[in-house]
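Q: Data: upload-v4.cif, mmCIF, C-alpha atoms.
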```
data_final
loop_
_atom_site.label_atom_id
_atom_site.label_comp_id
_atom_site.auth_asym_id
_atom_site.auth_seq_id
_atom_site.Cartn_x
_atom_site.Cartn_y
_atom_site.Cartn_z
CA MET N 1 33.80 -46.59 -46.36
CA PRO N 2 31.44 -44.07 -48.01
CA GLY N 3 31.09 -40.67 -46.40
CA ASN N 4 34.76 -39.91 -45.59
CA ARG N 5 34.43 -36.27 -46.60
CA GLY N 6 31.23 -35.89 -44.65
CA GLU N 7 32.86 -37.48 -41.60
CA ALA N 8 35.44 -34.71 -41.40
CA ALA N 9 32.74 -32.06 -41.52
CA THR N 10 30.64 -33.79 -38.93
CA ARG N 11 33.55 -34.09 -36.51
CA ARG N 12 33.68 -30.31 -36.50
CA ALA N 13 29.97 -29.99 -35.80
CA GLU N 14 29.12 -28.49 -32.45
CA GLY N 15 28.60 -31.17 -29.87
CA ALA N 16 29.28 -34.04 -32.24
CA GLY N 17 32.39 -35.10 -30.42
CA THR N 18 30.87 -35.29 -26.99
CA ALA N 19 30.49 -39.03 -26.97
CA GLY N 20 33.77 -40.53 -25.95
CA PRO N 21 35.89 -43.40 -27.06
CA GLY N 22 34.48 -46.77 -26.37
CA ARG N 23 30.98 -45.88 -27.50
CA GLU N 24 31.66 -47.64 -30.78
CA GLY N 25 31.77 -51.37 -30.12
CA SER N 26 33.41 -54.37 -31.65
CA ALA N 27 32.51 -57.75 -32.96
CA ASP N 28 33.28 -59.23 -29.56
CA GLY N 29 30.47 -57.20 -27.98
CA LEU N 30 27.74 -58.11 -30.47
CA SER N 31 27.05 -61.79 -31.01
CA ARG N 32 24.55 -63.05 -33.58
CA GLY N 33 22.09 -63.81 -30.79
CA VAL N 34 22.28 -60.25 -29.48
CA VAL N 35 21.81 -58.87 -33.00
CA MET N 36 18.66 -60.97 -33.33
CA LEU N 37 17.44 -59.71 -29.95
CA PHE N 38 17.91 -56.15 -31.20
CA ALA N 39 15.87 -57.04 -34.30
CA VAL N 40 13.03 -58.62 -32.28
CA ALA N 41 12.92 -55.72 -29.82
CA CYS N 42 12.79 -53.19 -32.65
CA GLY N 43 9.99 -55.10 -34.35
CA VAL N 44 7.88 -55.31 -31.20
CA ALA N 45 8.31 -51.62 -30.40
CA VAL N 46 7.61 -50.26 -33.87
CA ALA N 47 4.56 -52.50 -34.30
CA ASN N 48 2.70 -50.28 -31.85
CA VAL N 49 2.82 -47.42 -34.34
CA TYR N 50 1.06 -49.50 -37.01
CA PHE N 51 -1.45 -51.64 -35.09
CA SER N 52 -4.23 -49.11 -35.61
CA GLN N 53 -4.19 -48.99 -39.42
CA PRO N 54 -6.50 -52.01 -40.02
CA LEU N 55 -8.60 -51.08 -36.96
CA LEU N 56 -9.65 -47.52 -37.70
CA VAL N 57 -13.23 -48.30 -38.70
CA THR N 58 -13.79 -50.51 -35.63
CA MET N 59 -12.26 -47.94 -33.28
CA GLY N 60 -14.45 -45.24 -34.77
CA HIS N 61 -17.63 -47.26 -34.32
CA ASP N 62 -16.76 -48.26 -30.75
CA LEU N 63 -16.03 -44.72 -29.56
CA ALA N 64 -18.48 -42.85 -31.85
CA MET N 65 -15.72 -41.01 -33.68
CA SER N 66 -16.23 -39.04 -36.87
CA PRO N 67 -14.18 -40.04 -39.96
CA ALA N 68 -11.94 -36.99 -39.50
CA LEU N 69 -11.31 -37.89 -35.86
CA VAL N 70 -10.56 -41.49 -36.78
CA GLY N 71 -7.86 -40.26 -39.16
CA GLY N 72 -6.34 -38.46 -36.18
CA VAL N 73 -5.46 -41.81 -34.60
CA VAL N 74 -2.77 -42.46 -37.21
CA THR N 75 -1.74 -38.83 -37.44
CA LEU N 76 -1.25 -38.29 -33.70
CA THR N 77 0.69 -41.54 -33.38
CA HIS N 78 3.15 -40.32 -36.00
CA VAL N 79 3.27 -36.84 -34.50
CA GLY N 80 4.12 -38.36 -31.12
CA TYR N 81 6.76 -40.51 -32.81
CA GLY N 82 8.28 -37.42 -34.42
CA PHE N 83 8.56 -35.58 -31.10
CA GLY N 84 10.06 -38.66 -29.48
CA LEU N 85 12.72 -38.90 -32.18
CA PHE N 86 13.91 -35.38 -31.46
CA LEU N 87 13.40 -35.28 -27.69
CA LEU N 88 14.21 -38.84 -26.55
CA VAL N 89 16.50 -40.62 -29.02
CA PRO N 90 19.47 -38.19 -28.67
CA LEU N 91 19.73 -39.15 -24.98
CA GLY N 92 21.45 -42.34 -26.13
CA ASP N 93 24.62 -40.35 -26.86
CA THR N 94 25.05 -39.24 -23.24
CA ALA N 95 23.50 -41.96 -21.09
CA ASP N 96 23.45 -45.74 -20.67
CA ARG N 97 21.41 -46.92 -23.64
CA ARG N 98 20.38 -50.10 -21.89
CA ARG N 99 18.70 -48.17 -19.08
CA ILE N 100 17.02 -45.86 -21.57
CA VAL N 101 15.67 -48.82 -23.55
CA VAL N 102 14.28 -50.58 -20.49
CA ALA N 103 12.75 -47.42 -18.99
CA GLN N 104 11.04 -46.43 -22.24
CA SER N 105 9.74 -49.98 -22.72
CA LEU N 106 8.13 -49.99 -19.27
CA LEU N 107 6.54 -46.59 -19.85
CA LEU N 108 5.28 -47.88 -23.19
CA VAL N 109 3.57 -50.76 -21.36
CA ALA N 110 1.65 -48.24 -19.25
CA GLU N 111 0.51 -46.21 -22.28
CA LEU N 112 -0.57 -49.32 -24.16
CA ALA N 113 -2.77 -50.18 -21.19
CA VAL N 114 -4.29 -46.67 -21.37
CA VAL N 115 -5.14 -47.16 -25.05
CA ALA N 116 -6.60 -50.62 -24.42
CA THR N 117 -8.94 -49.29 -21.74
CA ALA N 118 -9.74 -45.89 -23.29
CA PRO N 119 -13.36 -44.94 -22.45
CA THR N 120 -13.52 -41.94 -24.80
CA ALA N 121 -12.05 -40.72 -28.06
CA ALA N 122 -10.03 -38.06 -26.24
CA VAL N 123 -8.31 -40.62 -24.02
CA LEU N 124 -7.64 -42.83 -27.02
CA LEU N 125 -6.06 -40.02 -29.04
CA ALA N 126 -3.90 -38.88 -26.11
CA GLY N 127 -2.82 -42.45 -25.47
CA MET N 128 -1.92 -43.04 -29.11
CA ALA N 129 0.23 -39.89 -29.16
CA ALA N 130 2.06 -41.13 -26.05
CA VAL N 131 2.51 -44.60 -27.57
CA GLY N 132 4.10 -43.02 -30.64
CA PHE N 133 6.33 -40.84 -28.43
CA LEU N 134 7.69 -43.86 -26.51
CA ALA N 135 7.88 -46.26 -29.46
CA VAL N 136 11.00 -44.39 -30.60
CA VAL N 137 12.86 -46.84 -28.38
CA THR N 138 13.17 -48.63 -31.74
CA GLN N 139 15.63 -46.01 -32.96
CA THR N 140 17.59 -46.04 -29.71
CA LEU N 141 18.04 -49.75 -30.32
CA VAL N 142 19.13 -49.20 -33.94
CA ALA N 143 21.74 -46.65 -32.85
CA PHE N 144 22.88 -48.96 -30.04
CA ALA N 145 23.37 -51.89 -32.44
CA ALA N 146 25.17 -49.73 -35.00
CA ALA N 147 27.53 -48.39 -32.33
CA LEU N 148 28.41 -51.88 -31.13
CA ALA N 149 29.01 -53.23 -34.64
CA PRO N 150 32.49 -53.28 -36.22
CA PRO N 151 32.72 -50.60 -38.96
CA ALA N 152 33.35 -53.14 -41.73
CA GLY N 153 30.15 -55.01 -40.85
CA ARG N 154 27.96 -52.13 -39.76
CA GLY N 155 25.78 -52.30 -42.86
CA ARG N 156 25.08 -55.98 -42.24
CA VAL N 157 24.13 -55.36 -38.60
CA VAL N 158 21.94 -52.35 -39.41
CA GLY N 159 20.32 -54.35 -42.21
CA THR N 160 19.54 -57.27 -39.89
CA VAL N 161 18.11 -55.01 -37.19
CA THR N 162 16.08 -53.08 -39.75
CA SER N 163 14.75 -56.40 -41.05
CA GLY N 164 13.25 -56.79 -37.60
CA VAL N 165 11.65 -53.37 -37.94
CA VAL N 166 10.18 -54.32 -41.33
CA ILE N 167 8.82 -57.61 -40.04
CA GLY N 168 7.38 -55.83 -36.99
CA ILE N 169 5.53 -53.38 -39.22
CA LEU N 170 4.17 -56.16 -41.41
CA LEU N 171 3.16 -58.45 -38.55
CA ALA N 172 1.56 -55.49 -36.78
CA ARG N 173 -1.09 -55.24 -39.47
CA THR N 174 -1.57 -58.99 -39.68
CA ALA N 175 -1.71 -59.58 -35.92
CA SER N 176 -3.96 -56.60 -35.20
CA GLY N 177 -6.43 -57.60 -37.90
CA LEU N 178 -6.57 -61.19 -36.68
CA LEU N 179 -6.86 -60.31 -32.97
CA ALA N 180 -9.50 -57.68 -33.70
CA ASP N 181 -11.63 -60.24 -35.52
CA LEU N 182 -11.25 -62.72 -32.64
CA ALA N 183 -11.42 -60.52 -29.53
CA GLY N 184 -11.89 -56.88 -30.50
CA TRP N 185 -9.44 -54.05 -31.12
CA ARG N 186 -8.70 -53.52 -27.40
CA ALA N 187 -7.20 -57.01 -27.15
CA VAL N 188 -4.52 -55.94 -29.63
CA TYR N 189 -3.12 -53.34 -27.23
CA LEU N 190 -3.48 -55.52 -24.15
CA ALA N 191 -1.48 -58.27 -25.87
CA SER N 192 1.16 -55.78 -26.94
CA ALA N 193 1.46 -54.42 -23.39
CA ALA N 194 2.09 -57.93 -22.06
CA LEU N 195 4.66 -58.73 -24.75
CA THR N 196 6.46 -55.41 -24.32
CA GLY N 197 6.67 -55.89 -20.56
CA LEU N 198 8.15 -59.36 -20.98
CA LEU N 199 10.64 -58.12 -23.52
CA ALA N 200 11.73 -55.29 -21.21
CA LEU N 201 12.86 -57.89 -18.66
CA VAL N 202 14.80 -59.81 -21.32
CA LEU N 203 16.47 -56.65 -22.56
CA TYR N 204 17.53 -55.70 -19.05
CA ARG N 205 19.23 -59.06 -18.56
CA VAL N 206 20.77 -59.52 -22.02
CA LEU N 207 21.69 -56.16 -23.53
CA PRO N 208 25.33 -55.17 -22.99
CA ARG N 209 26.14 -52.09 -20.99
CA ASP N 210 27.61 -49.16 -22.87
CA ALA N 211 31.36 -49.61 -23.15
CA GLY N 212 32.13 -46.27 -21.58
CA ALA N 213 30.62 -42.93 -20.61
CA PRO N 214 31.38 -39.82 -22.69
CA PRO N 215 34.21 -37.72 -21.21
CA GLU N 216 32.14 -34.55 -21.33
CA ALA N 217 28.42 -34.65 -20.58
CA LEU N 218 26.04 -32.29 -22.36
CA ARG N 219 23.09 -30.60 -20.77
CA TYR N 220 19.81 -31.56 -22.37
CA GLY N 221 19.41 -28.27 -24.24
CA GLN N 222 22.94 -28.52 -25.61
CA LEU N 223 22.25 -32.06 -26.73
CA LEU N 224 19.21 -31.00 -28.76
CA ARG N 225 21.04 -28.01 -30.25
CA SER N 226 23.92 -30.23 -31.32
CA THR N 227 21.45 -32.36 -33.30
CA VAL N 228 20.35 -29.27 -35.23
CA THR N 229 24.00 -28.29 -35.73
CA LEU N 230 24.79 -31.63 -37.32
CA PHE N 231 22.05 -31.01 -39.89
CA ALA N 232 23.23 -27.47 -40.52
CA ARG N 233 26.79 -28.54 -41.30
CA GLU N 234 26.47 -31.96 -42.94
CA PRO N 235 25.09 -32.08 -46.53
CA LEU N 236 24.98 -35.87 -46.67
CA LEU N 237 22.76 -36.01 -43.59
CA ARG N 238 20.36 -33.45 -45.05
CA LEU N 239 20.16 -35.28 -48.38
CA ARG N 240 19.59 -38.67 -46.82
CA ALA N 241 16.92 -37.16 -44.55
CA LEU N 242 15.14 -35.82 -47.63
CA PHE N 243 15.26 -39.27 -49.24
CA GLY N 244 13.81 -40.70 -46.02
CA LEU N 245 10.97 -38.18 -45.98
CA LEU N 246 9.98 -38.88 -49.58
CA VAL N 247 10.15 -42.69 -49.51
CA PHE N 248 8.18 -42.92 -46.29
CA ALA N 249 5.61 -40.44 -47.57
CA ALA N 250 5.11 -42.88 -50.46
CA PHE N 251 5.10 -45.87 -48.08
CA SER N 252 2.51 -44.26 -45.82
CA THR N 253 0.41 -43.19 -48.79
CA LEU N 254 -0.12 -46.85 -49.60
CA TRP N 255 -0.39 -48.44 -46.18
CA SER N 256 -2.57 -45.81 -44.52
CA SER N 257 -5.22 -46.01 -47.23
CA VAL N 258 -5.10 -49.45 -48.86
CA ALA N 259 -7.59 -50.86 -46.34
CA LEU N 260 -10.24 -48.47 -47.70
CA PRO N 261 -10.68 -49.92 -51.21
CA LEU N 262 -10.17 -53.46 -49.92
CA SER N 263 -13.03 -53.12 -47.44
CA GLU N 264 -15.38 -51.93 -50.19
CA ALA N 265 -16.81 -53.54 -53.34
CA PRO N 266 -15.82 -55.79 -54.97
CA TYR N 267 -13.63 -57.26 -52.19
CA PHE N 268 -15.23 -56.56 -48.77
CA LEU N 269 -12.20 -58.09 -47.04
CA SER N 270 -12.15 -58.68 -43.26
CA HIS N 271 -9.65 -57.15 -40.82
CA SER N 272 -7.56 -60.31 -40.80
CA ALA N 273 -7.54 -60.56 -44.61
CA ILE N 274 -6.45 -56.95 -44.97
CA GLY N 275 -3.83 -57.42 -42.27
CA ALA N 276 -2.49 -60.51 -44.02
CA LEU N 277 -1.69 -58.35 -47.02
CA GLY N 278 1.23 -57.02 -45.02
CA LEU N 279 2.91 -60.43 -45.13
CA ILE N 280 3.33 -59.99 -48.87
CA GLY N 281 5.69 -57.16 -48.13
CA ALA N 282 8.05 -59.53 -46.30
CA ALA N 283 10.33 -59.11 -49.29
CA GLY N 284 11.12 -55.74 -47.76
CA ALA N 285 12.91 -57.51 -44.93
CA LEU N 286 15.11 -59.28 -47.47
CA ALA N 287 15.86 -55.93 -49.09
CA ALA N 288 16.91 -54.48 -45.75
CA SER N 289 19.53 -57.17 -45.18
CA ALA N 290 20.76 -57.14 -48.79
CA ALA N 291 21.02 -53.34 -48.87
CA GLY N 292 23.20 -53.37 -45.77
CA ARG N 293 25.62 -55.78 -47.39
CA LEU N 294 25.70 -53.75 -50.61
CA ASN N 295 26.53 -50.66 -48.57
CA ASP N 296 29.44 -52.48 -46.89
CA ARG N 297 30.75 -53.13 -50.42
CA GLY N 298 30.57 -49.42 -51.30
CA LEU N 299 27.49 -49.57 -53.53
CA ALA N 300 25.23 -47.11 -51.70
CA ARG N 301 24.74 -44.74 -54.63
CA ARG N 302 23.76 -47.46 -57.07
CA THR N 303 21.48 -49.13 -54.52
CA THR N 304 19.70 -45.83 -53.83
CA GLY N 305 19.08 -45.01 -57.47
CA THR N 306 17.83 -48.49 -58.35
CA ALA N 307 15.53 -48.58 -55.33
CA LEU N 308 14.04 -45.15 -56.07
CA ALA N 309 13.35 -46.19 -59.66
CA LEU N 310 11.57 -49.33 -58.44
CA LEU N 311 9.56 -47.22 -56.00
CA ALA N 312 8.26 -45.05 -58.84
CA VAL N 313 7.44 -48.10 -60.99
CA SER N 314 5.55 -49.80 -58.13
CA TRP N 315 2.64 -47.37 -58.47
CA VAL N 316 1.79 -48.66 -61.95
CA PRO N 317 0.46 -52.04 -60.76
CA LEU N 318 -0.92 -50.46 -57.57
CA ALA N 319 -3.17 -48.27 -59.71
CA PHE N 320 -5.01 -51.44 -60.82
CA THR N 321 -5.83 -52.57 -57.27
CA ARG N 322 -9.60 -52.31 -57.73
CA SER N 323 -9.56 -54.72 -60.67
CA SER N 324 -6.78 -57.12 -59.68
CA LEU N 325 -5.43 -58.32 -56.35
CA TRP N 326 -2.41 -59.70 -58.24
CA ALA N 327 -1.57 -56.18 -59.36
CA LEU N 328 -1.77 -55.05 -55.74
CA VAL N 329 0.56 -57.87 -54.68
CA ALA N 330 3.14 -56.95 -57.31
CA GLY N 331 3.02 -53.29 -56.34
CA VAL N 332 3.35 -54.02 -52.63
CA VAL N 333 6.43 -56.22 -53.18
CA LEU N 334 8.15 -53.59 -55.33
CA LEU N 335 7.29 -50.74 -52.99
CA ASP N 336 8.45 -52.47 -49.81
CA LEU N 337 11.68 -53.66 -51.45
CA ALA N 338 12.47 -50.14 -52.60
CA VAL N 339 11.61 -48.34 -49.37
CA GLN N 340 13.61 -50.65 -47.14
CA ALA N 341 16.65 -50.61 -49.44
CA VAL N 342 16.79 -46.81 -49.31
CA HIS N 343 16.12 -46.73 -45.57
CA VAL N 344 18.92 -49.14 -44.61
CA THR N 345 21.37 -47.37 -46.91
CA ASN N 346 20.43 -44.03 -45.34
CA GLN N 347 20.90 -45.24 -41.77
CA THR N 348 24.22 -46.96 -42.44
CA LEU N 349 25.68 -43.93 -44.22
CA ILE N 350 24.63 -41.34 -41.68
CA HIS N 351 25.83 -43.38 -38.71
CA ALA N 352 29.23 -43.69 -40.40
CA LEU N 353 29.53 -39.90 -40.44
CA ARG N 354 30.14 -39.89 -36.69
CA PRO N 355 29.42 -43.09 -34.73
CA ALA N 356 29.90 -41.28 -31.42
CA ALA N 357 26.87 -39.11 -32.26
CA GLY N 358 24.88 -42.04 -33.64
CA SER N 359 21.74 -41.49 -31.58
CA ARG N 360 21.49 -37.85 -32.62
CA LEU N 361 22.16 -38.65 -36.26
CA ILE N 362 19.63 -41.46 -36.48
CA GLY N 363 17.08 -39.67 -34.30
CA GLY N 364 17.34 -36.51 -36.39
CA TYR N 365 17.09 -38.47 -39.63
CA MET N 366 14.04 -40.33 -38.37
CA VAL N 367 12.24 -37.06 -37.64
CA PHE N 368 12.05 -36.67 -41.41
CA TYR N 369 10.81 -40.26 -41.68
CA SER N 370 8.01 -39.39 -39.26
CA VAL N 371 7.13 -36.19 -41.11
CA GLY N 372 6.95 -38.14 -44.35
CA SER N 373 4.80 -40.86 -42.80
CA ALA N 374 2.38 -38.36 -41.28
CA THR N 375 2.20 -36.37 -44.53
CA GLY N 376 1.44 -39.47 -46.56
CA ALA N 377 -1.21 -40.67 -44.11
CA ILE N 378 -3.04 -37.33 -43.92
CA ALA N 379 -2.88 -36.66 -47.65
CA ALA N 380 -3.86 -40.19 -48.73
CA THR N 381 -6.89 -40.60 -46.49
CA SER N 382 -8.14 -37.10 -47.31
CA LEU N 383 -7.57 -37.55 -51.03
CA TYR N 384 -9.30 -40.93 -51.10
CA ALA N 385 -12.45 -39.40 -49.62
CA VAL N 386 -12.74 -36.79 -52.37
CA ALA N 387 -11.05 -38.33 -55.43
CA GLY N 388 -10.68 -42.09 -54.95
CA TRP N 389 -7.92 -44.65 -55.27
CA GLY N 390 -6.53 -43.35 -58.56
CA ALA N 391 -5.71 -40.00 -56.96
CA VAL N 392 -4.00 -41.76 -54.04
CA CYS N 393 -1.77 -43.67 -56.48
CA ALA N 394 -0.94 -40.45 -58.32
CA LEU N 395 0.11 -38.91 -55.01
CA GLY N 396 2.33 -41.87 -54.14
CA ALA N 397 3.90 -41.80 -57.60
CA ALA N 398 4.60 -38.07 -57.21
CA PHE N 399 6.50 -38.63 -53.95
CA SER N 400 8.43 -41.50 -55.54
CA CYS N 401 9.35 -39.67 -58.74
CA LEU N 402 10.47 -36.63 -56.77
CA GLY N 403 12.85 -38.86 -54.80
CA PHE N 404 14.35 -40.25 -58.01
CA VAL N 405 14.74 -36.76 -59.48
CA VAL N 406 16.59 -35.59 -56.35
CA TRP N 407 18.90 -38.60 -56.58
CA ALA N 408 19.58 -37.96 -60.28
CA LEU N 409 20.40 -34.31 -59.63
CA THR N 410 22.76 -35.01 -56.73
CA ARG N 411 24.38 -38.34 -57.62
CA ASP N 412 27.58 -36.75 -59.03
CA GLU N 413 28.10 -34.40 -56.09
CA PRO N 414 30.50 -35.37 -53.28
CA GLY N 415 28.38 -37.43 -50.93
CA GLY N 416 25.36 -37.01 -53.19
CA GLY N 417 24.57 -40.66 -53.69
CA GLY N 418 26.60 -42.19 -50.94
CA GLY N 419 29.85 -40.42 -50.35
CA SER N 420 32.34 -41.77 -52.88
CA ARG N 421 32.75 -42.19 -56.62
CA ARG N 422 32.79 -45.92 -56.17
CA THR N 423 29.16 -45.94 -55.10
#
```
Here is the file; what I need is its structure written in the form of structure tokens.
A:
Amino acid sequence: MPGNRGEAATRRAEGAGTAGPGREGSADGLSRGVVMLFAVACGVAVANVYFSQPLLVTMGHDLAMSPALVGGVVTLTHVGYGFGLFLLVPLGDTADRRRIVVAQSLLLVAELAVVATAPTAAVLLAGMAAVGFLAVVTQTLVAFAAALAPPAGRGRVVGTVTSGVVIGILLARTASGLLADLAGWRAVYLASAALTGLLALVLYRVLPRDAGAPPEALRYGQLLRSTVTLFAREPLLRLRALFGLLVFAAFSTLWSSVALPLSEAPYFLSHSAIGALGLIGAAGALAASAAGRLNDRGLARRTTGTALALLAVSWVPLAFTRSSLWALVAGVVLLDLAVQAVHVTNQTLIHALRPAAGSRLIGGYMVFYSVGSATGAIAATSLYAVAGWGAVCALGAAFSCLGFVVWALTRDEPGGGGGSRRT
């Protein structure tokens, strides 16, 4: 398994060994049906972070928000998500993950209702930040599934669950655009609240209990400090977090701004048409599953390099979006394939460093994902206003090329591309 050298270092990290035996599961505890439930639950939760992207103009008109304030809807959602990754996800290493998942899901229902009924821009923005904060239940579920999976098949399980995340992101845009055209943007969040509440009941009844409690509980402050310690002492974790930041900055650069040129001449597409564009990226879900299997075969380094090269190339057809929808389609497929391949490889490798600290590892890694997403969203929407779509594509290409350069410079180092020479 890749990452053997990094595993030894991580075992010495402060607090990394606090989760006891039994936290890592087996094939007997994770049937195919339960894996699919994990995937569905992840997709439903993460969709709440992306519902707003096709709805920004409508939200702004309804609540008399300035363009700058409208951009804050996406930004605050990702900021809330980032805080949740650091403050909530690590709890999964010291408490019953099933209870955490159900509790966060029910709180998410309440915040979705706040957003759906928001009378002012201030209430909307506060509600969106809270939705992002609680939507990190997605990553608690990913860590839970990875811990229950047998080591030899962990990549496959993480890939399947991440496929659910990808599909959730894509369907979020499609569903929100369609519902907004039919019943207004508020109906999107009311429907999500109802679905999330129903799913919380299913999760409570179906999810397995944690196999055992850790022998030594950490206080909350110690738990957070141990997450920082893992980053300080584990080079592979830091490198994979950097890859995550760069690929999701590129991903967010596209998806936070692509609605702008499509809603203008010569296209003038509706919410539902723009949302349907996300379905084209369904190939990303296939990449998630395939990347997990490649990682199980020890091909993480090669998968990462190939995916980062494709990510850089994807911006060539994307640059021709204003003159060709076919070019946009080709770019979207390449970009989503690349991003999800890197993401699944990252998550599988870092969890293998120390499965007992899986929630902290994945939560800490995903903080960088959130920073990258927020950076891409802020930079892309601001740049589009002053320099147009060509400048946005140049920005996305810069993030992508930087990721490939980092991979090229570190691929021959121990753990640089995946943890072993075989990769």
Q: Point out the residue among N:Val40, N:Ala291, N:Val386, N:Met128 with the least atom-to-atom distance to Gly164 of chain N, counting all atoms listed in the file.
A: N:Val40
Q: Can you turn the PyMOL selection byres ((chain N and resi 82) around 8) into a concrete residue list for this file, as a VMD selection string?
A: chain N and resid 78 to 81 83 to 86 132 to 133 366 to 368 370 to 371
Q: The PyMOL selection byres ((chain N and resi 348) around 10) - which residues does that actually catch in the file I just gave you? List them as a list in words.
A: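 For this structure, the PyMOL selection byres ((chain N and resi 348) around 10) resolves to Pro2, Ala143, Ala146, Pro151, Arg154, Gly155, Arg156, Val157, Val158, Gly159, Ala291, Gly292, Asn295, Asp296, Ala300, His343, Val344, Thr345, Asn346, Gln347, Leu349, Ile350, His351, Ala352, Leu353 and Ile362 of chain N.
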Q: Could you tell me which of N:Tyr365, N:Tyr267, N:Phe251, N:Phe38 comes closest to Leu395 of chain N if we count all atoms listed in the file?
A: N:Phe251
Q: From the options N:Leu56, N:Asp93, N:Asn48, N:Leu207, which residue's atoms come nearest to Ala130 of chain N, counting only C-alpha atoms?
A: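 The shortest atom-to-atom distance to Ala130 of chain N comes from N:Asn48.
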Q: Report the distance between atom CA of Ala103 of chain N and atom CA of Gly184 of chain N in Å, rounded to one decimal place.
A: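 That distance, rounded to one decimal, is 28.8 Å.
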Q: Can you work out which one of N:Phe51, N:Trp326, N:Tyr189, N:Tyr384 has the shortest atom-to-atom distance to Ala113 of chain N, counting only C-alpha atoms?
A: N:Tyr189
Q: When distances are computed from all atoms listed in the file, which of N:Leu237, N:Leu37, N:Ala265, N:Ala397 shows the smallest separation from Ser314 of chain N?
A: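 Of all the options, N:Ala397 lies closest to Ser314 of chain N.
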Q: Here is a test: counting all atoms listed in the file, which residue of N:Gly376, N:Leu134, N:Ala194, N:Ala110 is nearest to Leu88 of chain N?
A: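 Residue with the minimum atom-to-atom distance to Leu88 of chain N: N:Leu134.
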Q: Excluding Val342 of chain N and its own-chain neighbours fewer than 5 positions away, which residues fall within 9 Å of it when counting all atoms listed in the file? Please give them as a ChimeraX atom specification.
A: /N:240,243-244,247,288,291,300,303-305,307-308,337,347
Q: Check which residues satisfy the PyMOL selection byres ((chain N and resi 205) around 12) in the file shown, then give them as a VMD selection string.
A: chain N and resid 34 37 98 to 99 101 to 102 198 to 204 206 to 209
Q: To one decimal place, how far is atom CA of Trp315 of chain N from atom CA of Ser382 of chain N in Å?
A: 18.6 Å
Q: Have a look at atom CA of Val188 of chain N and atom CA of Ser176 of chain N and let me know their distance in Å, one decimal.
A: 5.6 Å
